[in-house]
$ cat model-v5.cif   # mmCIF, C-alpha atoms and all ligand atoms
data_target
#
loop_
_atom_site.label_atom_id
_atom_site.label_comp_id
_atom_site.auth_asym_id
_atom_site.auth_seq_id
_atom_site.Cartn_x
_atom_site.Cartn_y
_atom_site.Cartn_z
CA GLN M 1 -17.46 30.22 22.03
CA ALA M 2 -21.13 30.94 21.60
CA LYS M 3 -20.51 31.10 17.89
CA ALA M 4 -18.80 27.70 17.88
CA LEU M 5 -21.61 26.22 19.92
CA GLY M 6 -24.15 27.72 17.59
CA ARG M 7 -22.36 26.30 14.60
CA GLY M 8 -22.16 22.88 16.25
CA ARG M 9 -25.87 22.90 16.93
CA HIS M 10 -26.57 24.04 13.42
CA GLU M 11 -24.55 21.07 12.13
CA ASP M 12 -26.53 18.66 14.28
CA TYR M 13 -29.58 19.55 12.24
CA ASN M 14 -27.81 19.84 8.93
CA PRO M 15 -29.51 17.16 6.83
CA VAL M 16 -26.50 16.72 4.52
CA LEU M 17 -24.19 16.08 7.47
CA GLN M 18 -26.69 13.78 9.14
CA GLN M 19 -26.93 11.84 5.93
CA MET M 20 -23.12 11.54 5.82
CA VAL M 21 -22.99 10.29 9.40
CA ARG M 22 -25.72 7.75 8.64
CA GLU M 23 -23.90 6.52 5.54
CA ARG M 24 -20.68 6.12 7.50
CA ARG M 25 -22.49 4.07 10.13
CA HIS M 26 -24.01 1.89 7.43
CA LEU M 27 -20.61 1.48 5.84
CA ALA M 28 -19.07 0.41 9.15
CA ALA M 29 -21.86 -2.16 9.71
CA ASP M 30 -21.49 -3.48 6.16
CA LEU M 31 -17.72 -3.67 6.49
CA ARG M 32 -18.12 -5.74 9.64
CA ARG M 33 -19.77 -8.45 7.55
CA ALA M 34 -17.71 -7.96 4.40
CA VAL M 35 -14.78 -10.19 5.40
CA ASP M 36 -16.94 -13.21 6.24
CA ALA M 37 -19.21 -12.54 3.26
CA GLY M 38 -16.17 -12.75 0.98
CA GLU M 39 -16.73 -9.25 -0.41
CA LEU M 40 -13.12 -8.21 0.04
CA PHE M 41 -10.56 -9.21 -2.55
CA LEU M 42 -7.01 -8.35 -3.48
CA VAL M 43 -5.51 -6.87 -6.60
CA TYR M 44 -1.82 -6.67 -7.44
CA GLN M 45 0.20 -4.01 -9.22
CA PRO M 46 3.60 -4.98 -10.63
CA ILE M 47 6.65 -2.98 -9.56
CA VAL M 48 9.13 -2.97 -12.44
CA HIS M 49 12.87 -3.01 -11.78
CA LEU M 50 14.19 -0.53 -14.34
CA ALA M 51 17.77 -1.74 -14.83
CA SER M 52 16.76 -5.35 -15.51
CA GLN M 53 13.19 -4.68 -16.72
CA ARG M 54 12.20 -7.64 -14.52
CA VAL M 55 9.26 -7.87 -12.13
CA HIS M 56 9.81 -9.66 -8.83
CA LYS M 57 7.62 -7.47 -6.70
CA ALA M 58 3.98 -6.39 -6.60
CA GLU M 59 1.94 -4.15 -4.30
CA VAL M 60 -1.12 -5.73 -2.72
CA LEU M 61 -4.17 -3.42 -2.89
CA LEU M 62 -7.45 -4.14 -1.15
CA ARG M 63 -10.80 -3.97 -2.95
CA TRP M 64 -14.36 -4.16 -1.63
CA LYS M 65 -17.19 -5.27 -3.86
CA HIS M 66 -20.27 -4.08 -1.99
CA PRO M 67 -23.46 -6.03 -2.92
CA GLN M 68 -25.46 -2.81 -3.52
CA ARG M 69 -22.90 -0.07 -4.06
CA GLY M 70 -20.45 -1.95 -6.25
CA LEU M 71 -16.72 -1.29 -5.92
CA ILE M 72 -15.81 0.99 -3.02
CA SER M 73 -12.36 2.61 -2.98
CA PRO M 74 -9.99 1.85 -0.10
CA ALA M 75 -9.59 5.62 0.24
CA GLU M 76 -13.21 5.58 1.43
CA PHE M 77 -13.37 2.43 3.58
CA ILE M 78 -9.85 2.17 5.08
CA PRO M 79 -10.48 5.27 7.26
CA VAL M 80 -13.77 3.70 8.44
CA ALA M 81 -11.91 0.47 9.17
CA GLU M 82 -9.32 2.43 11.15
CA GLU M 83 -11.94 4.28 13.21
CA THR M 84 -13.88 1.15 14.09
CA GLY M 85 -10.89 -1.09 14.73
CA LEU M 86 -12.02 -3.38 11.89
CA ILE M 87 -8.66 -2.72 10.27
CA LEU M 88 -7.16 -5.38 12.58
CA PRO M 89 -9.16 -8.42 11.35
CA ILE M 90 -9.14 -7.00 7.80
CA GLY M 91 -5.39 -6.46 7.89
CA GLN M 92 -4.91 -9.99 9.17
CA TRP M 93 -7.00 -11.32 6.28
CA VAL M 94 -5.01 -9.22 3.76
CA LEU M 95 -1.75 -10.59 5.13
CA GLU M 96 -2.90 -14.21 5.13
CA GLN M 97 -4.49 -14.00 1.67
CA SER M 98 -1.43 -12.33 0.15
CA VAL M 99 0.82 -15.03 1.58
CA ARG M 100 -1.48 -17.70 0.07
CA ASP M 101 -1.32 -15.85 -3.25
CA LEU M 102 2.43 -15.53 -2.91
CA ALA M 103 2.75 -19.31 -3.10
CA VAL M 104 1.01 -19.17 -6.50
CA LEU M 105 3.20 -16.29 -7.64
CA ARG M 106 6.42 -18.02 -6.62
CA ALA M 107 5.42 -21.26 -8.32
CA ALA M 108 4.56 -19.39 -11.52
CA LEU M 109 7.16 -16.61 -11.58
CA GLY M 110 10.10 -17.75 -9.49
CA ASP M 111 10.84 -18.04 -5.80
CA THR M 112 12.28 -14.57 -5.39
CA PHE M 113 8.87 -12.97 -5.90
CA GLN M 114 7.89 -10.55 -3.15
CA VAL M 115 4.54 -9.04 -2.14
CA SER M 116 4.35 -5.58 -0.65
CA VAL M 117 1.50 -5.10 1.84
CA ASN M 118 0.16 -1.75 3.11
CA LYS M 119 -0.20 -1.20 6.83
CA SER M 120 -2.08 1.70 8.31
CA PRO M 121 -0.89 3.34 11.53
CA ARG M 122 -3.34 1.59 13.82
CA GLN M 123 -2.35 -1.81 12.44
CA PHE M 124 1.31 -1.15 12.93
CA LEU M 125 0.91 0.27 16.43
CA ASN M 126 -1.34 -2.57 17.54
CA ASP M 127 1.00 -5.20 16.16
CA ALA M 128 3.89 -3.48 17.87
CA ARG M 129 2.47 -4.55 21.21
CA LEU M 130 2.44 -8.22 20.31
CA ALA M 131 5.42 -10.29 21.32
CA VAL M 132 5.33 -12.38 18.17
CA PRO M 133 4.52 -10.46 14.96
CA ARG M 134 1.52 -11.61 12.99
CA GLU M 135 3.77 -11.68 9.97
CA LYS M 136 5.71 -14.59 11.38
CA ALA M 137 2.63 -16.75 11.78
CA ALA M 138 1.26 -15.79 8.37
CA LEU M 139 4.53 -16.44 6.56
CA GLY M 140 4.96 -19.91 8.02
CA GLU M 141 7.83 -21.60 6.19
CA LEU M 142 8.32 -18.76 3.70
CA ALA M 143 11.37 -16.52 4.04
CA GLY M 144 10.76 -13.14 5.66
CA SER M 145 12.29 -11.49 2.61
CA SER M 146 9.28 -12.55 0.53
CA LEU M 147 7.30 -9.88 2.37
CA CYS M 148 7.62 -6.10 2.28
CA VAL M 149 5.56 -3.85 4.53
CA GLU M 150 4.52 -0.37 3.32
CA ILE M 151 4.13 2.16 6.06
CA THR M 152 3.68 5.93 6.12
CA GLU M 153 5.70 8.24 8.28
CA SER M 154 2.69 9.14 10.43
CA MET M 155 3.12 5.90 12.34
CA LEU M 156 6.80 6.48 12.93
CA MET M 157 6.10 9.93 14.27
CA GLU M 158 5.84 8.89 17.87
CA ALA M 159 8.91 6.65 17.48
CA SER M 160 7.99 4.92 20.73
CA PRO M 161 10.00 1.96 22.03
CA ALA M 162 7.10 -0.32 20.96
CA VAL M 163 7.27 0.94 17.37
CA LYS M 164 11.05 0.64 17.29
CA ASP M 165 10.77 -2.85 18.73
CA LYS M 166 8.28 -3.88 16.07
CA PHE M 167 10.63 -2.53 13.47
CA MET M 168 13.52 -4.57 14.83
CA GLN M 169 11.39 -7.73 14.94
CA LEU M 170 10.43 -7.29 11.30
CA ARG M 171 14.06 -6.70 10.36
CA ASP M 172 15.18 -9.79 12.29
CA MET M 173 12.69 -11.84 10.26
CA GLY M 174 14.12 -10.42 7.04
CA VAL M 175 10.90 -8.56 6.19
CA GLN M 176 11.58 -5.43 4.13
CA VAL M 177 10.10 -2.01 4.83
CA SER M 178 8.98 0.72 2.40
CA LEU M 179 8.23 4.29 3.38
CA ASP M 180 5.05 5.04 1.37
CA ASP M 181 3.89 8.45 0.08
CA PHE M 182 7.42 9.73 0.63
CA GLY M 183 7.85 13.50 0.65
CA THR M 184 4.28 14.37 1.59
CA GLY M 185 4.69 14.38 5.38
CA TYR M 186 6.25 16.82 7.78
CA SER M 187 9.58 15.16 8.34
CA SER M 188 10.14 12.29 5.93
CA LEU M 189 13.87 12.95 6.08
CA ALA M 190 14.15 12.46 9.82
CA TYR M 191 12.67 8.98 9.55
CA LEU M 192 15.19 7.93 6.97
CA LYS M 193 17.84 8.60 9.57
CA MET M 194 15.98 7.05 12.49
CA PHE M 195 14.76 3.85 10.87
CA ASP M 196 16.47 1.25 8.77
CA ILE M 197 14.29 1.51 5.67
CA ASP M 198 14.74 -0.51 2.48
CA TYR M 199 12.70 1.56 0.02
CA ILE M 200 11.11 4.95 -0.29
CA LYS M 201 8.08 5.32 -2.54
CA ILE M 202 8.09 8.77 -4.13
CA ASP M 203 4.51 9.99 -3.84
CA ARG M 204 2.36 10.34 -6.94
CA SER M 205 2.04 14.08 -6.33
CA PHE M 206 5.70 14.52 -7.41
CA VAL M 207 5.24 12.31 -10.46
CA LYS M 208 1.97 13.75 -11.74
CA ASN M 209 3.44 16.79 -13.49
CA LEU M 210 6.95 15.44 -13.88
CA ALA M 211 8.61 16.91 -16.97
CA PRO M 212 12.14 17.93 -17.96
CA GLY M 213 12.97 21.28 -16.36
CA SER M 214 10.14 21.11 -13.81
CA SER M 215 10.65 21.67 -10.10
CA ASP M 216 9.31 18.14 -9.59
CA GLN M 217 12.27 16.88 -11.61
CA VAL M 218 14.65 18.65 -9.20
CA LEU M 219 12.80 17.21 -6.20
CA CYS M 220 12.73 13.66 -7.60
CA GLU M 221 16.43 13.80 -8.44
CA ALA M 222 17.26 15.07 -4.96
CA MET M 223 15.17 12.37 -3.28
CA ILE M 224 16.84 9.66 -5.37
CA VAL M 225 20.39 10.90 -4.75
CA MET M 226 19.75 11.23 -1.05
CA ALA M 227 18.11 7.81 -0.75
CA HIS M 228 20.94 6.13 -2.64
CA ARG M 229 23.58 7.80 -0.49
CA LEU M 230 21.78 6.30 2.51
CA GLY M 231 21.61 2.86 0.91
CA VAL M 232 17.86 3.09 0.29
CA LYS M 233 16.23 2.01 -2.99
CA VAL M 234 13.64 4.17 -4.71
CA ILE M 235 10.23 3.24 -6.14
CA ALA M 236 8.22 5.88 -8.04
CA GLU M 237 4.44 5.44 -7.83
CA GLY M 238 1.73 6.70 -10.15
CA VAL M 239 3.83 6.68 -13.32
CA GLU M 240 1.38 7.04 -16.20
CA GLU M 241 3.36 8.53 -19.07
CA ALA M 242 6.53 7.73 -21.01
CA GLN M 243 7.88 11.20 -20.25
CA GLN M 244 7.58 10.68 -16.49
CA LEU M 245 9.33 7.33 -16.87
CA ALA M 246 12.13 8.91 -18.93
CA VAL M 247 12.81 11.62 -16.33
CA LEU M 248 12.83 9.06 -13.50
CA ALA M 249 15.09 6.67 -15.40
CA GLU M 250 17.50 9.52 -16.13
CA ALA M 251 17.52 10.39 -12.43
CA GLY M 252 18.47 6.79 -11.53
CA CYS M 253 15.16 5.66 -10.02
CA ASP M 254 15.29 1.92 -9.21
CA TYR M 255 11.67 0.79 -9.57
CA ILE M 256 8.57 2.04 -11.40
CA GLN M 257 4.96 1.39 -10.48
CA GLY M 258 2.02 2.86 -12.37
CA PHE M 259 -0.61 2.64 -15.07
CA HIS M 260 2.11 3.22 -17.70
CA PHE M 261 3.12 -0.41 -17.14
CA CYS M 262 0.07 -2.00 -15.57
CA PRO M 263 -2.88 -1.08 -13.32
CA PRO M 264 -3.70 -3.19 -10.24
CA VAL M 265 -5.08 -6.53 -11.51
CA VAL M 266 -6.31 -9.83 -10.05
CA LEU M 267 -3.79 -12.59 -9.34
CA ALA M 268 -4.14 -14.60 -12.58
CA GLU M 269 -3.83 -11.43 -14.63
CA LEU M 270 -0.68 -10.45 -12.74
CA VAL M 271 0.93 -13.79 -13.58
CA ASP M 272 -0.13 -13.36 -17.19
CA TRP M 273 1.17 -9.79 -17.37
CA VAL M 274 4.55 -10.59 -15.82
CA ARG M 275 5.04 -13.52 -18.22
CA ARG M 276 4.25 -11.35 -21.21
CA HIS M 277 6.47 -8.59 -19.85
CA HIS M 278 9.33 -11.04 -19.40
CA GLY M 279 8.72 -12.42 -22.86
CA VAL M 280 8.11 -15.93 -21.53
CA SER M 281 5.33 -17.79 -23.29
CA GLY M 282 3.20 -20.38 -21.54
CA PRO M 283 -0.18 -20.72 -19.92
CA VAL M 284 -1.21 -18.89 -16.77
CA ALA M 285 -0.88 -21.18 -13.75
CA GLY M 286 -4.15 -23.00 -13.22
CA PRO M 287 -6.08 -26.03 -14.37
CA ALA M 288 -5.17 -27.47 -17.76
CA PRO M 289 -7.70 -26.70 -20.49
CA ALA M 290 -10.30 -29.39 -21.14
CA PRO M 291 -9.45 -31.63 -24.12
P1 LIG Y 301 -0.99 3.65 -1.73
O1 LIG Y 301 -0.41 2.60 -0.86
O2 LIG Y 301 -0.17 4.87 -1.93
O3 LIG Y 301 -1.29 2.92 -3.12
C1 LIG Y 301 -1.10 3.47 -4.39
C2 LIG Y 301 -2.42 3.89 -5.00
O4 LIG Y 301 -2.16 4.48 -6.28
C3 LIG Y 301 -3.39 2.75 -5.28
O5 LIG Y 301 -4.71 3.27 -5.07
C4 LIG Y 301 -3.16 2.47 -6.76
O6 LIG Y 301 -4.27 1.85 -7.39
C5 LIG Y 301 -2.94 3.86 -7.27
N1 LIG Y 301 -2.17 3.92 -8.52
C6 LIG Y 301 -1.20 3.08 -8.94
N2 LIG Y 301 -0.69 3.48 -10.13
C7 LIG Y 301 -1.34 4.61 -10.47
C8 LIG Y 301 -1.25 5.51 -11.59
O7 LIG Y 301 -0.45 5.35 -12.50
N3 LIG Y 301 -2.10 6.59 -11.59
C9 LIG Y 301 -3.00 6.80 -10.56
N4 LIG Y 301 -3.80 7.84 -10.67
N5 LIG Y 301 -3.11 5.96 -9.48
C10 LIG Y 301 -2.28 4.89 -9.44
P2 LIG Y 301 -5.83 2.42 -4.31
O8 LIG Y 301 -5.72 0.98 -4.71
O9 LIG Y 301 -7.13 3.12 -4.52
O10 LIG Y 301 -5.41 2.54 -2.79
C11 LIG Y 301 -5.45 3.77 -2.13
C12 LIG Y 301 -4.78 3.69 -0.77
O11 LIG Y 301 -5.54 2.82 0.10
C13 LIG Y 301 -3.38 3.10 -0.80
O12 LIG Y 301 -2.45 4.09 -1.19
C14 LIG Y 301 -3.22 2.65 0.64
O13 LIG Y 301 -2.84 3.72 1.47
C15 LIG Y 301 -4.64 2.22 1.00
N6 LIG Y 301 -4.74 0.76 0.93
C16 LIG Y 301 -4.99 -0.04 -0.15
N7 LIG Y 301 -4.98 -1.35 0.19
C17 LIG Y 301 -4.73 -1.40 1.53
C18 LIG Y 301 -4.58 -2.47 2.51
O14 LIG Y 301 -4.64 -3.68 2.21
N8 LIG Y 301 -4.33 -2.10 3.80
C19 LIG Y 301 -4.22 -0.78 4.18
N9 LIG Y 301 -3.97 -0.51 5.48
N10 LIG Y 301 -4.33 0.24 3.29
C20 LIG Y 301 -4.57 -0.05 1.99
MG MG Y 302 1.30 1.58 -0.74
MG MG Y 303 1.89 4.82 -2.08
MG MG Y 304 0.58 7.59 -2.52
#
$ encode --input "model-v5.cif" --output "structure tokens"
Amino acid sequence: QAKALGRGRHEDYNPVLQQMVRERRHLAADLRRAVDAGELFLVYQPIVHLASQRVHKAEVLLRWKHPQRGLISPAEFIPVAEETGLILPIGQWVLEQSVRDLAVLRAALGDTFQVSVNKSPRQFLNDARLAVPREKAALGELAGSSLCVEITESMLMEASPAVKDKFMQLRDMGVQVSLDDFGTGYSSLAYLKMFDIDYIKIDRSFVKNLAPGSSDQVLCEAMIVMAHRLGVKVIAEGVEEAQQLAVLAEAGCDYIQGFHFCPPVVLAELVDWVRRHHGVSGPVAGPAPAP
């Protein structure tokens, strides 16, 4: 005990730690202004349907262009947003902006296009307490099926009535649900049984070293077979190489997302990329060029 106390006191005066705490506080203060200052923006990564080679789905990924520090990764600022509760207004903005962008995507690429939005545990749990989901208001006239929500198993862990209720409300609206980072948690399998999930996203850690004959190949195959037997579709994330793609295709994976096809890009670039990928020529949606 004395030792722990001593260590704690030592840390209080540790200049490196103090610096980290200060930076985190700064970051939280900056983030508070970032939404109104227009520093947050969205990028989109296409999710390719393997059998048809078509793209009708993209993941929405948040970016922060800090005036001094430049681009800050969501891996760094999402945890700060979670701790401070800022994730709620930020998440609301992400949802509303992606629905606005979805109108552009559907006009340019067809009205079955779907956006897939990430939700962190605190967002999901908070929303679960609302009678009317935020999604409903944001979607307006658009069909629920034009939205997919990506969640991780950590928020299903408590499986409280409120969480189950939220799940049912989303399902009733036709909103789809993906289980993100699949296979990395303690009990991913249990949640497949407990919740009516549309997609699992095989985590990048299984894809990274994916090669014929590897244990990752066995694991990916098993996840895909199991998901399919349960009526769940499979998306592999972080696919960078042709070999990874080949192994996943052989295993019957439904969708591929990764740098091999396309990195996350801004909206106009997504439209452009999908058109090129589909082999359809024509200008990117936007104002006509000046004569
Ligand atoms: P995630 O949902 O698992 O997103 C996939 C991450 O993998 C993204 O990182 C994406 O840029 C990256 N990625 C995609 N393809 C490849 C690839 O081929 N190779 C490699 N090395 N990486 C690839 P990103 O954009 O930095 O986002 C990190 C995490 O931050 C996300 O992980 C998600 O958990 C969270 N996040 C991002 N946007 C939002 C948001 O709007 N709301 C919430 N709550 N979380 C978000
Ligand atoms: Mg995701
Ligand atoms: Mg993921
Ligand atoms: Mg992941």
$ atom_distance --input "model-v5.cif" --atom1 "CA of Ala268 in chain M" --atom2 "CA of Ile200 in chain M"
27.7 Å
$ residues_near_ligand --input "model-v5.cif" --ligand "ligand MG 302 (chain Y)" --cutoff "12 Å" --atoms "only C-alpha atoms and all ligand atoms" --output "VMD selection string"
chain M and resid 44 to 45 47 58 to 62 74 to 75 115 to 120 148 to 152 177 to 182 199 to 204 235 to 238 257 to 258 264
$ residues_near_point --input "model-v5.cif" --point "(5.5, -17.6, 9.0)" --cutoff "12 Å" --atoms "all atoms listed in the file" --output "ChimeraX atom specification"
/M:95-96,99-100,132-147,170,173-175
$ atom_distance --input "model-v5.cif" --atom1 "CA of Phe77 in chain M" --atom2 "CA of Asn14 in chain M"
23.2 Å
$ closest_residue --input "model-v5.cif" --among "M:Phe195, M:Asp172, M:Arg32, M:His56" --to "Ala108 in chain M" --atoms "all atoms listed in the file"
M:His56
$ atom_distance --input "model-v5.cif" --atom1 "atom C9 of ligand LIG 301 (chain Y)" --atom2 "CA of Gly279 in chain M"
25.7 Å
$ closest_residue --input "model-v5.cif" --among "M:Leu31, M:Val80, M:Val55, M:Leu245" --to "Arg106 in chain M" --atoms "all atoms listed in the file"
M:Val55
$ closest_residue --input "model-v5.cif" --among "M:Ala162, M:Ile87, M:Ala29, M:Leu219" --to "ligand LIG 301 (chain Y)" --atoms "only C-alpha atoms and all ligand atoms"
M:Ile87
$ closest_residue --input "model-v5.cif" --among "M:Pro89, M:Gly183, M:Pro263, M:Gly110" --to "Lys57 in chain M" --atoms "all atoms listed in the file"
M:Gly110
$ residues_around --input "model-v5.cif" --residues "Ile197 in chain M" --least-positions-apart "6" --cutoff "10 Å" --atoms "all atoms listed in the file" --output "PyMOL selection string"
chain M and resi 167+171+176-179+191+227+230-233
$ closest_residue --input "model-v5.cif" --among "M:Ala211, M:Leu88, M:Ala251, M:Ala246" --to "ligand LIG 301 (chain Y)" --atoms "all atoms listed in the file"
M:Leu88
$ build_atoms --input "model-v5.cif" --residues "range 200-225 of chain M" --atoms "N, CA and C atoms" --output "PDB file, in the coordinates of the input"
ATOM      1  N   ILE M 200      12.073   3.857  -0.391  1.00  0.00           N
ATOM      2  CA  ILE M 200      11.110   4.950  -0.290  1.00  0.00           C
ATOM      3  C   ILE M 200      10.250   4.884  -1.550  1.00  0.00           C
ATOM      4  N   LYS M 201       8.973   5.230  -1.395  1.00  0.00           N
ATOM      5  CA  LYS M 201       8.080   5.320  -2.540  1.00  0.00           C
ATOM      6  C   LYS M 201       7.757   6.793  -2.771  1.00  0.00           C
ATOM      7  N   ILE M 202       8.337   7.350  -3.813  1.00  0.00           N
ATOM      8  CA  ILE M 202       8.090   8.770  -4.130  1.00  0.00           C
ATOM      9  C   ILE M 202       6.603   8.927  -4.425  1.00  0.00           C
ATOM     10  N   ASP M 203       5.960   9.831  -3.719  1.00  0.00           N
ATOM     11  CA  ASP M 203       4.510   9.990  -3.840  1.00  0.00           C
ATOM     12  C   ASP M 203       4.106  10.451  -5.235  1.00  0.00           C
ATOM     13  N   ARG M 204       2.913  10.026  -5.616  1.00  0.00           N
ATOM     14  CA  ARG M 204       2.360  10.340  -6.940  1.00  0.00           C
ATOM     15  C   ARG M 204       2.294  11.846  -7.208  1.00  0.00           C
ATOM     16  N   SER M 205       2.169  12.639  -6.142  1.00  0.00           N
ATOM     17  CA  SER M 205       2.040  14.080  -6.330  1.00  0.00           C
ATOM     18  C   SER M 205       3.311  14.691  -6.951  1.00  0.00           C
ATOM     19  N   PHE M 206       4.464  14.028  -6.782  1.00  0.00           N
ATOM     20  CA  PHE M 206       5.700  14.520  -7.410  1.00  0.00           C
ATOM     21  C   PHE M 206       5.847  14.028  -8.844  1.00  0.00           C
ATOM     22  N   VAL M 207       5.095  12.978  -9.160  1.00  0.00           N
ATOM     23  CA  VAL M 207       5.240  12.310 -10.460  1.00  0.00           C
ATOM     24  C   VAL M 207       4.241  12.872 -11.477  1.00  0.00           C
ATOM     25  N   LYS M 208       3.100  13.317 -10.926  1.00  0.00           N
ATOM     26  CA  LYS M 208       1.970  13.750 -11.740  1.00  0.00           C
ATOM     27  C   LYS M 208       2.349  14.724 -12.850  1.00  0.00           C
ATOM     28  N   ASN M 209       3.084  15.771 -12.498  1.00  0.00           N
ATOM     29  CA  ASN M 209       3.440  16.790 -13.490  1.00  0.00           C
ATOM     30  C   ASN M 209       4.933  16.754 -13.808  1.00  0.00           C
ATOM     31  N   LEU M 210       5.508  15.573 -13.691  1.00  0.00           N
ATOM     32  CA  LEU M 210       6.950  15.440 -13.880  1.00  0.00           C
ATOM     33  C   LEU M 210       7.325  15.618 -15.349  1.00  0.00           C
ATOM     34  N   ALA M 211       8.159  16.628 -15.604  1.00  0.00           N
ATOM     35  CA  ALA M 211       8.610  16.910 -16.970  1.00  0.00           C
ATOM     36  C   ALA M 211      10.024  17.465 -16.888  1.00  0.00           C
ATOM     37  N   PRO M 212      10.792  17.362 -17.981  1.00  0.00           N
ATOM     38  CA  PRO M 212      12.140  17.930 -17.960  1.00  0.00           C
ATOM     39  C   PRO M 212      12.075  19.417 -17.627  1.00  0.00           C
ATOM     40  N   GLY M 213      12.932  19.868 -16.719  1.00  0.00           N
ATOM     41  CA  GLY M 213      12.970  21.280 -16.360  1.00  0.00           C
ATOM     42  C   GLY M 213      11.969  21.686 -15.280  1.00  0.00           C
ATOM     43  N   SER M 214      11.124  20.775 -14.837  1.00  0.00           N
ATOM     44  CA  SER M 214      10.140  21.110 -13.810  1.00  0.00           C
ATOM     45  C   SER M 214      10.767  21.069 -12.424  1.00  0.00           C
ATOM     46  N   SER M 215      10.130  21.733 -11.466  1.00  0.00           N
ATOM     47  CA  SER M 215      10.650  21.670 -10.100  1.00  0.00           C
ATOM     48  C   SER M 215      10.478  20.256  -9.552  1.00  0.00           C
ATOM     49  N   ASP M 216       9.470  19.536 -10.018  1.00  0.00           N
ATOM     50  CA  ASP M 216       9.310  18.140  -9.590  1.00  0.00           C
ATOM     51  C   ASP M 216      10.502  17.289 -10.028  1.00  0.00           C
ATOM     52  N   GLN M 217      11.084  17.623 -11.179  1.00  0.00           N
ATOM     53  CA  GLN M 217      12.270  16.880 -11.610  1.00  0.00           C
ATOM     54  C   GLN M 217      13.406  17.079 -10.597  1.00  0.00           C
ATOM     55  N   VAL M 218      13.604  18.343 -10.176  1.00  0.00           N
ATOM     56  CA  VAL M 218      14.650  18.650  -9.200  1.00  0.00           C
ATOM     57  C   VAL M 218      14.398  17.877  -7.908  1.00  0.00           C
ATOM     58  N   LEU M 219      13.140  17.881  -7.451  1.00  0.00           N
ATOM     59  CA  LEU M 219      12.800  17.210  -6.200  1.00  0.00           C
ATOM     60  C   LEU M 219      12.992  15.699  -6.299  1.00  0.00           C
ATOM     61  N   CYS M 220      12.549  15.106  -7.411  1.00  0.00           N
ATOM     62  CA  CYS M 220      12.730  13.660  -7.600  1.00  0.00           C
ATOM     63  C   CYS M 220      14.204  13.294  -7.622  1.00  0.00           C
ATOM     64  N   GLU M 221      14.983  14.070  -8.373  1.00  0.00           N
ATOM     65  CA  GLU M 221      16.430  13.800  -8.440  1.00  0.00           C
ATOM     66  C   GLU M 221      17.063  13.867  -7.061  1.00  0.00           C
ATOM     67  N   ALA M 222      16.681  14.891  -6.303  1.00  0.00           N
ATOM     68  CA  ALA M 222      17.260  15.070  -4.960  1.00  0.00           C
ATOM     69  C   ALA M 222      16.879  13.912  -4.043  1.00  0.00           C
ATOM     70  N   MET M 223      15.617  13.487  -4.134  1.00  0.00           N
ATOM     71  CA  MET M 223      15.170  12.370  -3.280  1.00  0.00           C
ATOM     72  C   MET M 223      15.935  11.097  -3.630  1.00  0.00           C
ATOM     73  N   ILE M 224      16.162  10.880  -4.931  1.00  0.00           N
ATOM     74  CA  ILE M 224      16.840   9.660  -5.370  1.00  0.00           C
ATOM     75  C   ILE M 224      18.305   9.665  -4.947  1.00  0.00           C
ATOM     76  N   VAL M 225      18.977  10.802  -5.155  1.00  0.00           N
ATOM     77  CA  VAL M 225      20.390  10.900  -4.750  1.00  0.00           C
ATOM     78  C   VAL M 225      20.536  10.664  -3.255  1.00  0.00           C
TER      79      VAL M 225
END
